[in-house]
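Enquirer: File structure02.cif below, mmCIF, N, CA and C atoms and all ligand atoms:
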data_query
#
loop_
_atom_site.group_PDB
_atom_site.id
_atom_site.type_symbol
_atom_site.label_atom_id
_atom_site.label_comp_id
_atom_site.auth_asym_id
_atom_site.auth_seq_id
_atom_site.Cartn_x
_atom_site.Cartn_y
_atom_site.Cartn_z
ATOM 1 N N MET A 1 -64.508 62.959 20.749
ATOM 2 C CA MET A 1 -63.095 62.585 20.673
ATOM 3 C C MET A 1 -62.217 63.815 20.566
ATOM 4 N N GLU A 2 -62.712 64.833 19.835
ATOM 5 C CA GLU A 2 -61.944 66.074 19.723
ATOM 6 C C GLU A 2 -61.735 66.719 21.088
ATOM 7 N N THR A 3 -62.781 66.725 21.908
ATOM 8 C CA THR A 3 -62.667 67.300 23.252
ATOM 9 C C THR A 3 -61.667 66.515 24.085
ATOM 10 N N VAL A 4 -61.761 65.188 24.021
ATOM 11 C CA VAL A 4 -60.851 64.342 24.792
ATOM 12 C C VAL A 4 -59.411 64.595 24.394
ATOM 13 N N LEU A 5 -59.150 64.605 23.100
ATOM 14 C CA LEU A 5 -57.765 64.758 22.647
ATOM 15 C C LEU A 5 -57.223 66.148 22.967
ATOM 16 N N ARG A 6 -58.075 67.173 22.865
ATOM 17 C CA ARG A 6 -57.623 68.527 23.184
ATOM 18 C C ARG A 6 -57.287 68.650 24.676
ATOM 19 N N ASP A 7 -58.184 68.154 25.527
ATOM 20 C CA ASP A 7 -57.951 68.247 26.965
ATOM 21 C C ASP A 7 -56.780 67.383 27.397
ATOM 22 N N ALA A 8 -56.671 66.200 26.804
ATOM 23 C CA ALA A 8 -55.578 65.302 27.170
ATOM 24 C C ALA A 8 -54.244 65.881 26.744
ATOM 25 N N ALA A 9 -54.188 66.475 25.567
ATOM 26 C CA ALA A 9 -52.937 67.053 25.090
ATOM 27 C C ALA A 9 -52.486 68.180 26.006
ATOM 28 N N ALA A 10 -53.437 68.972 26.493
ATOM 29 C CA ALA A 10 -53.090 70.076 27.384
ATOM 30 C C ALA A 10 -52.582 69.565 28.725
ATOM 31 N N ALA A 11 -53.116 68.434 29.190
ATOM 32 C CA ALA A 11 -52.774 67.935 30.521
ATOM 33 C C ALA A 11 -51.566 67.010 30.516
ATOM 34 N N SER A 12 -51.342 66.301 29.425
ATOM 35 C CA SER A 12 -50.354 65.222 29.480
ATOM 36 C C SER A 12 -49.123 65.476 28.630
ATOM 37 N N ARG A 13 -49.120 66.522 27.865
ATOM 38 C CA ARG A 13 -48.002 66.837 26.960
ATOM 39 C C ARG A 13 -47.673 65.655 26.060
ATOM 40 N N GLY A 14 -48.712 65.057 25.506
ATOM 41 C CA GLY A 14 -48.509 64.010 24.513
ATOM 42 C C GLY A 14 -48.440 62.593 25.039
ATOM 43 N N ALA A 15 -48.514 62.395 26.347
ATOM 44 C CA ALA A 15 -48.503 61.030 26.895
ATOM 45 C C ALA A 15 -49.756 60.289 26.415
ATOM 46 N N PRO A 16 -49.652 58.978 26.224
ATOM 47 C CA PRO A 16 -50.822 58.244 25.748
ATOM 48 C C PRO A 16 -51.934 58.203 26.788
ATOM 49 N N LEU A 17 -53.148 58.096 26.308
ATOM 50 C CA LEU A 17 -54.304 57.992 27.195
ATOM 51 C C LEU A 17 -54.446 56.552 27.672
ATOM 52 N N ARG A 18 -54.840 56.389 28.931
ATOM 53 C CA ARG A 18 -55.061 55.042 29.469
ATOM 54 C C ARG A 18 -56.544 54.729 29.587
ATOM 55 N N ALA A 19 -57.335 55.715 29.968
ATOM 56 C CA ALA A 19 -58.771 55.467 30.134
ATOM 57 C C ALA A 19 -59.547 56.773 30.059
ATOM 58 N N LEU A 20 -60.757 56.657 29.571
ATOM 59 C CA LEU A 20 -61.703 57.769 29.564
ATOM 60 C C LEU A 20 -62.940 57.302 30.299
ATOM 61 N N THR A 21 -63.497 58.159 31.123
ATOM 62 C CA THR A 21 -64.738 57.803 31.808
ATOM 63 C C THR A 21 -65.813 58.807 31.424
ATOM 64 N N VAL A 22 -66.929 58.290 30.961
ATOM 65 C CA VAL A 22 -68.057 59.140 30.602
ATOM 66 C C VAL A 22 -69.292 58.672 31.364
ATOM 67 N N ARG A 23 -70.167 59.606 31.652
ATOM 68 C CA ARG A 23 -71.448 59.307 32.290
ATOM 69 C C ARG A 23 -72.536 59.526 31.253
ATOM 70 N N VAL A 24 -73.369 58.504 31.070
ATOM 71 C CA VAL A 24 -74.405 58.560 30.040
ATOM 72 C C VAL A 24 -75.757 58.279 30.681
ATOM 73 N N GLY A 25 -76.680 59.195 30.513
ATOM 74 C CA GLY A 25 -78.038 59.002 31.010
ATOM 75 C C GLY A 25 -78.888 58.275 29.988
ATOM 76 N N PRO A 26 -79.865 57.512 30.449
ATOM 77 C CA PRO A 26 -80.698 56.728 29.532
ATOM 78 C C PRO A 26 -81.618 57.576 28.664
ATOM 79 N N LEU A 27 -81.800 58.846 29.031
ATOM 80 C CA LEU A 27 -82.644 59.727 28.223
ATOM 81 C C LEU A 27 -81.801 60.695 27.383
ATOM 82 N N SER A 28 -80.504 60.402 27.257
ATOM 83 C CA SER A 28 -79.598 61.279 26.505
ATOM 84 C C SER A 28 -79.721 61.090 25.008
ATOM 85 N N GLY A 29 -80.275 59.959 24.600
ATOM 86 C CA GLY A 29 -80.302 59.650 23.174
ATOM 87 C C GLY A 29 -79.035 58.952 22.708
ATOM 88 N N VAL A 30 -78.080 58.747 23.630
ATOM 89 C CA VAL A 30 -76.824 58.072 23.290
ATOM 90 C C VAL A 30 -76.985 56.578 23.519
ATOM 91 N N VAL A 31 -76.682 55.792 22.503
ATOM 92 C CA VAL A 31 -76.691 54.333 22.633
ATOM 93 C C VAL A 31 -75.272 53.910 23.014
ATOM 94 N N VAL A 32 -75.134 53.312 24.193
ATOM 95 C CA VAL A 32 -73.804 53.010 24.723
ATOM 96 C C VAL A 32 -73.019 52.102 23.780
ATOM 97 N N ASP A 33 -73.663 51.105 23.205
ATOM 98 C CA ASP A 33 -72.946 50.219 22.275
ATOM 99 C C ASP A 33 -72.436 51.000 21.063
ATOM 100 N N SER A 34 -73.211 51.966 20.601
ATOM 101 C CA SER A 34 -72.780 52.791 19.467
ATOM 102 C C SER A 34 -71.630 53.706 19.866
ATOM 103 N N LEU A 35 -71.690 54.214 21.103
ATOM 104 C CA LEU A 35 -70.600 55.049 21.608
ATOM 105 C C LEU A 35 -69.302 54.246 21.665
ATOM 106 N N ARG A 36 -69.393 53.008 22.174
ATOM 107 C CA ARG A 36 -68.197 52.149 22.234
ATOM 108 C C ARG A 36 -67.663 51.865 20.833
ATOM 109 N N PHE A 37 -68.562 51.575 19.913
ATOM 110 C CA PHE A 37 -68.143 51.288 18.543
ATOM 111 C C PHE A 37 -67.439 52.502 17.938
ATOM 112 N N ALA A 38 -68.008 53.682 18.153
ATOM 113 C CA ALA A 38 -67.410 54.904 17.607
ATOM 114 C C ALA A 38 -66.029 55.139 18.217
ATOM 115 N N PHE A 39 -65.916 54.935 19.529
ATOM 116 C CA PHE A 39 -64.616 55.128 20.189
ATOM 117 C C PHE A 39 -63.584 54.160 19.630
ATOM 118 N N GLU A 40 -63.974 52.892 19.500
ATOM 119 C CA GLU A 40 -63.037 51.883 18.998
ATOM 120 C C GLU A 40 -62.669 52.144 17.534
ATOM 121 N N SER A 41 -63.541 52.818 16.808
ATOM 122 C CA SER A 41 -63.255 53.145 15.415
ATOM 123 C C SER A 41 -62.325 54.347 15.295
ATOM 124 N N LEU A 42 -62.460 55.299 16.234
ATOM 125 C CA LEU A 42 -61.699 56.547 16.139
ATOM 126 C C LEU A 42 -60.350 56.491 16.856
ATOM 127 N N ALA A 43 -60.213 55.584 17.823
ATOM 128 C CA ALA A 43 -59.017 55.583 18.664
ATOM 129 C C ALA A 43 -57.740 55.127 17.946
ATOM 130 N N PRO A 44 -57.778 54.100 17.114
ATOM 131 C CA PRO A 44 -56.525 53.600 16.527
ATOM 132 C C PRO A 44 -55.766 54.678 15.749
ATOM 133 N N GLY A 45 -54.454 54.692 15.953
ATOM 134 C CA GLY A 45 -53.619 55.635 15.229
ATOM 135 C C GLY A 45 -53.455 56.974 15.908
ATOM 136 N N GLY A 46 -54.116 57.176 17.053
ATOM 137 C CA GLY A 46 -54.001 58.448 17.764
ATOM 138 C C GLY A 46 -53.645 58.218 19.221
ATOM 139 N N PRO A 47 -53.608 59.287 20.018
ATOM 140 C CA PRO A 47 -53.233 59.172 21.439
ATOM 141 C C PRO A 47 -54.163 58.281 22.253
ATOM 142 N N ALA A 48 -55.379 58.059 21.770
ATOM 143 C CA ALA A 48 -56.336 57.231 22.522
ATOM 144 C C ALA A 48 -56.250 55.751 22.165
ATOM 145 N N GLU A 49 -55.345 55.392 21.281
ATOM 146 C CA GLU A 49 -55.222 53.983 20.912
ATOM 147 C C GLU A 49 -54.861 53.153 22.142
ATOM 148 N N GLY A 50 -55.625 52.110 22.391
ATOM 149 C CA GLY A 50 -55.373 51.232 23.532
ATOM 150 C C GLY A 50 -56.029 51.691 24.821
ATOM 151 N N ALA A 51 -56.637 52.863 24.819
ATOM 152 C CA ALA A 51 -57.282 53.363 26.040
ATOM 153 C C ALA A 51 -58.602 52.631 26.276
ATOM 154 N N ARG A 52 -58.951 52.504 27.555
ATOM 155 C CA ARG A 52 -60.246 51.910 27.914
ATOM 156 C C ARG A 52 -61.303 53.003 27.923
ATOM 157 N N LEU A 53 -62.498 52.648 27.486
ATOM 158 C CA LEU A 53 -63.646 53.556 27.603
ATOM 159 C C LEU A 53 -64.528 53.018 28.732
ATOM 160 N N VAL A 54 -64.625 53.777 29.804
ATOM 161 C CA VAL A 54 -65.437 53.384 30.950
ATOM 162 C C VAL A 54 -66.730 54.195 30.894
ATOM 163 N N VAL A 55 -67.854 53.500 30.886
ATOM 164 C CA VAL A 55 -69.152 54.171 30.783
ATOM 165 C C VAL A 55 -69.932 53.948 32.073
ATOM 166 N N GLU A 56 -70.282 55.040 32.731
ATOM 167 C CA GLU A 56 -71.177 54.979 33.894
ATOM 168 C C GLU A 56 -72.574 55.308 33.410
ATOM 169 N N GLU A 57 -73.470 54.356 33.547
ATOM 170 C CA GLU A 57 -74.846 54.588 33.134
ATOM 171 C C GLU A 57 -75.682 54.984 34.351
ATOM 172 N N THR A 58 -76.489 56.011 34.189
ATOM 173 C CA THR A 58 -77.290 56.519 35.300
ATOM 174 C C THR A 58 -78.759 56.173 35.100
ATOM 175 N N LYS A 59 -79.539 56.429 36.136
ATOM 176 C CA LYS A 59 -80.999 56.323 36.034
ATOM 177 C C LYS A 59 -81.573 57.734 35.947
ATOM 178 N N PRO A 60 -82.752 57.873 35.365
ATOM 179 C CA PRO A 60 -83.381 59.191 35.373
ATOM 180 C C PRO A 60 -83.674 59.631 36.817
ATOM 181 N N ALA A 61 -83.509 60.908 37.072
ATOM 182 C CA ALA A 61 -83.845 61.461 38.385
ATOM 183 C C ALA A 61 -84.797 62.643 38.187
ATOM 184 N N PHE A 62 -85.754 62.723 39.077
ATOM 185 C CA PHE A 62 -86.783 63.757 38.981
ATOM 186 C C PHE A 62 -86.940 64.468 40.313
ATOM 187 N N ARG A 63 -87.459 65.695 40.252
ATOM 188 C CA ARG A 63 -87.909 66.421 41.439
ATOM 189 C C ARG A 63 -89.403 66.623 41.280
ATOM 190 N N CYS A 64 -90.137 66.200 42.299
ATOM 191 C CA CYS A 64 -91.588 66.316 42.257
ATOM 192 C C CYS A 64 -91.993 67.751 42.602
ATOM 193 N N PRO A 65 -92.713 68.434 41.728
ATOM 194 C CA PRO A 65 -93.123 69.808 42.013
ATOM 195 C C PRO A 65 -94.259 69.878 43.029
ATOM 196 N N ASP A 66 -94.901 68.747 43.292
ATOM 197 C CA ASP A 66 -96.042 68.748 44.217
ATOM 198 C C ASP A 66 -95.615 68.565 45.670
ATOM 199 N N CYS A 67 -94.598 67.688 45.900
ATOM 200 C CA CYS A 67 -94.190 67.450 47.289
ATOM 201 C C CYS A 67 -92.701 67.683 47.533
ATOM 202 N N GLY A 68 -91.932 67.958 46.472
ATOM 203 C CA GLY A 68 -90.519 68.288 46.642
ATOM 204 C C GLY A 68 -89.586 67.101 46.692
ATOM 205 N N THR A 69 -90.104 65.879 46.606
ATOM 206 C CA THR A 69 -89.253 64.689 46.685
ATOM 207 C C THR A 69 -88.332 64.611 45.471
ATOM 208 N N LEU A 70 -87.062 64.255 45.721
ATOM 209 C CA LEU A 70 -86.090 63.996 44.669
ATOM 210 C C LEU A 70 -85.971 62.487 44.560
ATOM 211 N N TYR A 71 -86.171 61.924 43.375
ATOM 212 C CA TYR A 71 -86.178 60.466 43.263
ATOM 213 C C TYR A 71 -85.623 59.991 41.939
ATOM 214 N N GLU A 72 -84.976 58.798 42.000
ATOM 215 C CA GLU A 72 -84.552 58.090 40.794
ATOM 216 C C GLU A 72 -85.630 57.087 40.455
ATOM 217 N N THR A 73 -85.713 56.771 39.173
ATOM 218 C CA THR A 73 -86.750 55.845 38.750
ATOM 219 C C THR A 73 -86.313 55.140 37.485
ATOM 220 N N PRO A 74 -86.787 53.927 37.252
ATOM 221 C CA PRO A 74 -86.465 53.275 35.991
ATOM 222 C C PRO A 74 -87.128 53.986 34.817
ATOM 223 N N VAL A 75 -86.524 53.830 33.634
ATOM 224 C CA VAL A 75 -87.121 54.426 32.437
ATOM 225 C C VAL A 75 -88.531 53.877 32.260
ATOM 226 N N GLY A 76 -89.487 54.775 32.046
ATOM 227 C CA GLY A 76 -90.859 54.365 31.793
ATOM 228 C C GLY A 76 -91.767 54.471 32.997
ATOM 229 N N ASP A 77 -91.205 54.658 34.209
ATOM 230 C CA ASP A 77 -92.027 54.788 35.409
ATOM 231 C C ASP A 77 -91.620 56.073 36.113
ATOM 232 N N TYR A 78 -92.386 57.116 35.922
ATOM 233 C CA TYR A 78 -91.976 58.427 36.411
ATOM 234 C C TYR A 78 -92.829 58.924 37.571
ATOM 235 N N HIS A 79 -93.565 58.036 38.227
ATOM 236 C CA HIS A 79 -94.402 58.427 39.359
ATOM 237 C C HIS A 79 -93.552 58.790 40.570
ATOM 238 N N CYS A 80 -93.948 59.828 41.262
ATOM 239 C CA CYS A 80 -93.296 60.186 42.523
ATOM 240 C C CYS A 80 -93.606 59.096 43.547
ATOM 241 N N PRO A 81 -92.587 58.542 44.208
ATOM 242 C CA PRO A 81 -92.837 57.477 45.186
ATOM 243 C C PRO A 81 -93.537 57.975 46.448
ATOM 244 N N ALA A 82 -93.506 59.283 46.687
ATOM 245 C CA ALA A 82 -94.114 59.807 47.907
ATOM 246 C C ALA A 82 -95.584 60.171 47.719
ATOM 247 N N CYS A 83 -95.930 60.778 46.578
ATOM 248 C CA CYS A 83 -97.304 61.272 46.413
ATOM 249 C C CYS A 83 -97.971 60.780 45.126
ATOM 250 N N ASP A 84 -97.253 59.979 44.326
ATOM 251 C CA ASP A 84 -97.780 59.374 43.100
ATOM 252 C C ASP A 84 -98.014 60.382 41.968
ATOM 253 N N SER A 85 -97.532 61.599 42.128
ATOM 254 C CA SER A 85 -97.662 62.590 41.059
ATOM 255 C C SER A 85 -96.875 62.132 39.827
ATOM 256 N N VAL A 86 -97.360 62.505 38.658
ATOM 257 C CA VAL A 86 -96.618 62.205 37.423
ATOM 258 C C VAL A 86 -96.059 63.490 36.803
ATOM 259 N N ARG A 87 -95.989 64.547 37.614
ATOM 260 C CA ARG A 87 -95.525 65.843 37.099
ATOM 261 C C ARG A 87 -94.051 66.088 37.382
ATOM 262 N N GLY A 88 -93.302 65.027 37.701
ATOM 263 C CA GLY A 88 -91.881 65.177 38.045
ATOM 264 C C GLY A 88 -91.094 65.910 36.977
ATOM 265 N N GLU A 89 -90.165 66.752 37.441
ATOM 266 C CA GLU A 89 -89.303 67.509 36.524
ATOM 267 C C GLU A 89 -87.956 66.824 36.452
ATOM 268 N N LEU A 90 -87.514 66.522 35.231
ATOM 269 C CA LEU A 90 -86.255 65.809 35.022
ATOM 270 C C LEU A 90 -85.076 66.642 35.523
ATOM 271 N N VAL A 91 -84.270 66.077 36.410
ATOM 272 C CA VAL A 91 -83.077 66.780 36.883
ATOM 273 C C VAL A 91 -81.797 66.044 36.506
ATOM 274 N N ALA A 92 -81.896 64.782 36.080
ATOM 275 C CA ALA A 92 -80.730 64.023 35.610
ATOM 276 C C ALA A 92 -81.226 62.846 34.795
ATOM 277 N N GLY A 93 -80.376 62.392 33.881
ATOM 278 C CA GLY A 93 -80.739 61.236 33.067
ATOM 279 C C GLY A 93 -80.647 61.530 31.584
ATOM 280 N N ASN A 94 -80.474 62.821 31.245
ATOM 281 C CA ASN A 94 -80.354 63.174 29.824
ATOM 282 C C ASN A 94 -78.945 63.676 29.508
ATOM 283 N N GLU A 95 -77.998 63.358 30.407
ATOM 284 C CA GLU A 95 -76.654 63.879 30.244
ATOM 285 C C GLU A 95 -75.720 62.908 29.519
ATOM 286 N N MET A 96 -74.703 63.480 28.901
ATOM 287 C CA MET A 96 -73.530 62.727 28.496
ATOM 288 C C MET A 96 -72.355 63.611 28.880
ATOM 289 N N GLU A 97 -71.613 63.165 29.897
ATOM 290 C CA GLU A 97 -70.545 63.986 30.447
ATOM 291 C C GLU A 97 -69.221 63.241 30.384
ATOM 292 N N LEU A 98 -68.183 63.954 30.043
ATOM 293 C CA LEU A 98 -66.841 63.401 30.136
ATOM 294 C C LEU A 98 -66.359 63.663 31.563
ATOM 295 N N LEU A 99 -66.213 62.586 32.351
ATOM 296 C CA LEU A 99 -65.871 62.740 33.770
ATOM 297 C C LEU A 99 -64.372 62.828 33.998
ATOM 298 N N SER A 100 -63.606 61.973 33.310
ATOM 299 C CA SER A 100 -62.163 61.970 33.571
ATOM 300 C C SER A 100 -61.396 61.419 32.379
ATOM 301 N N ILE A 101 -60.139 61.826 32.323
ATOM 302 C CA ILE A 101 -59.196 61.332 31.332
ATOM 303 C C ILE A 101 -57.952 60.891 32.098
ATOM 304 N N GLU A 102 -57.620 59.610 31.978
ATOM 305 C CA GLU A 102 -56.440 59.076 32.676
ATOM 306 C C GLU A 102 -55.301 58.945 31.672
ATOM 307 N N VAL A 103 -54.148 59.514 32.009
ATOM 308 C CA VAL A 103 -52.979 59.450 31.109
ATOM 309 C C VAL A 103 -51.849 58.730 31.793
HETATM 310 ZN ZN ZN B 201 -94.426 63.941 45.024
#
Starting from the coordinates I provided, produce the structure as structure tokens.
Expert:
Amino acid sequence: METVLRDAAAASRGAPLRALTVRVGPLSGVVVDSLRFAFESLAPGGPAEGARLVVEETKPAFRCPDCGTLYETPVGDYHCPACDSVRGELVAGNEMELLSIEV
């Protein structure tokens, strides 16, 4: 919230926030319901009061070191679809990124 308010204040000169969009990977350790609860708890009384929290949830993505395939997969199934290797290297899915702030 501190990052959002600092960036929004610099961009909007105090205008109220309308929406925040964040991208959350399933391996980030962030529980989306908890994130929403925290936002709804922190927003009242400040510039983010009344703003929507938009959450884009991603799937884990891996690069196979054996055949080079880049693939998305559901949590718990990390096999390369091309060669069945289980040595995939995580390239996305552990992120929590603030994508945009709408004022
Ligand atoms: Zn592979």
Enquirer: From the options A:Leu70, A:Leu20, A:Ala38, A:Met96, which residue's atoms come nearest to ligand ZN 201 (chain B), counting all atoms listed in the file?
Expert: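 Nearest candidate to ligand ZN 201 (chain B) out of A:Leu70, A:Leu20, A:Ala38, A:Met96: A:Leu70.
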Enquirer: Neighbours of ligand ZN 201 (chain B) within 7 Å, counting all atoms listed in the file, as JSON, numbers by chain?
Expert: {"A": [63, 64, 65, 66, 67, 68, 69, 79, 80, 81, 82, 83, 84, 85]}
Enquirer: Expressed in Å to a single decimal, how great is the separation between CA of Glu56 (chain A) and atom N of Glu95 (chain A)?
Expert: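 So the two atoms, CA of Glu56 (chain A) and atom N of Glu95 (chain A), lie 11.4 Å apart.
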Enquirer: Quick one: distance from atom C of Gly14 (chain A) to atom C of Glu97 (chain A) in Å, one decimal?
Expert: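 Atom-to-atom, atom C of Gly14 (chain A) to atom C of Glu97 (chain A), that is 21.5 Å.
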Enquirer: Would you translate the PyMOL selection byres (((chain A and resi 73) around 7) and not hetatm) into the concrete set of residues it matches in this file, as a PDB file with N, CA and C atoms, keeping the file's coordinate frame?
Expert:
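The resulting part-v9.pdb:
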ATOM      1  N   LYS A  59     -79.539  56.429  36.136  1.00  0.00           N
ATOM      2  CA  LYS A  59     -80.999  56.323  36.034  1.00  0.00           C
ATOM      3  C   LYS A  59     -81.573  57.734  35.947  1.00  0.00           C
ATOM      4  N   PRO A  60     -82.752  57.873  35.365  1.00  0.00           N
ATOM      5  CA  PRO A  60     -83.381  59.191  35.373  1.00  0.00           C
ATOM      6  C   PRO A  60     -83.674  59.631  36.817  1.00  0.00           C
ATOM      7  N   ALA A  61     -83.509  60.908  37.072  1.00  0.00           N
ATOM      8  CA  ALA A  61     -83.845  61.461  38.385  1.00  0.00           C
ATOM      9  C   ALA A  61     -84.797  62.643  38.187  1.00  0.00           C
ATOM     10  N   PHE A  62     -85.754  62.723  39.077  1.00  0.00           N
ATOM     11  CA  PHE A  62     -86.783  63.757  38.981  1.00  0.00           C
ATOM     12  C   PHE A  62     -86.940  64.468  40.313  1.00  0.00           C
ATOM     13  N   TYR A  71     -86.171  61.924  43.375  1.00  0.00           N
ATOM     14  CA  TYR A  71     -86.178  60.466  43.263  1.00  0.00           C
ATOM     15  C   TYR A  71     -85.623  59.991  41.939  1.00  0.00           C
ATOM     16  N   GLU A  72     -84.976  58.798  42.000  1.00  0.00           N
ATOM     17  CA  GLU A  72     -84.552  58.090  40.794  1.00  0.00           C
ATOM     18  C   GLU A  72     -85.630  57.087  40.455  1.00  0.00           C
ATOM     19  N   PRO A  74     -86.787  53.927  37.252  1.00  0.00           N
ATOM     20  CA  PRO A  74     -86.465  53.275  35.991  1.00  0.00           C
ATOM     21  C   PRO A  74     -87.128  53.986  34.817  1.00  0.00           C
ATOM     22  N   VAL A  75     -86.524  53.830  33.634  1.00  0.00           N
ATOM     23  CA  VAL A  75     -87.121  54.426  32.437  1.00  0.00           C
ATOM     24  C   VAL A  75     -88.531  53.877  32.260  1.00  0.00           C
ATOM     25  N   GLY A  76     -89.487  54.775  32.046  1.00  0.00           N
ATOM     26  CA  GLY A  76     -90.859  54.365  31.793  1.00  0.00           C
ATOM     27  C   GLY A  76     -91.767  54.471  32.997  1.00  0.00           C
ATOM     28  N   ASP A  77     -91.205  54.658  34.209  1.00  0.00           N
ATOM     29  CA  ASP A  77     -92.027  54.788  35.409  1.00  0.00           C
ATOM     30  C   ASP A  77     -91.620  56.073  36.113  1.00  0.00           C
ATOM     31  N   TYR A  78     -92.386  57.116  35.922  1.00  0.00           N
ATOM     32  CA  TYR A  78     -91.976  58.427  36.411  1.00  0.00           C
ATOM     33  C   TYR A  78     -92.829  58.924  37.571  1.00  0.00           C
TER      34      TYR A  78
END
Enquirer: Any idea what's packed within 8 Å of Val103 (chain A), counting all atoms listed in the file, ignoring anything in its chain fewer than 4 positions away? Could you give it as a ChimeraX atom specification?
Expert: /A:8,11-12,15-20
Enquirer: Chain A: which residues are strand (DSSP E) by DSSP, as a PyMOL selection string?
Expert: chain A and resi 19-24+52-57+61-63+70-72+89-92+96-102
Enquirer: I'd like the interatomic distance between CA of Leu90 (chain A) and CA of Phe39 (chain A), to a tenth of an Å.
Expert: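 Going from CA of Leu90 (chain A) over to CA of Phe39 (chain A), I get 28.3 Å.
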Enquirer: Residues of chain A classed as alpha helix (DSSP H) by DSSP on the backbone are to be reported as a PyMOL selection string.
Expert: chain A and resi 2-12+32-42
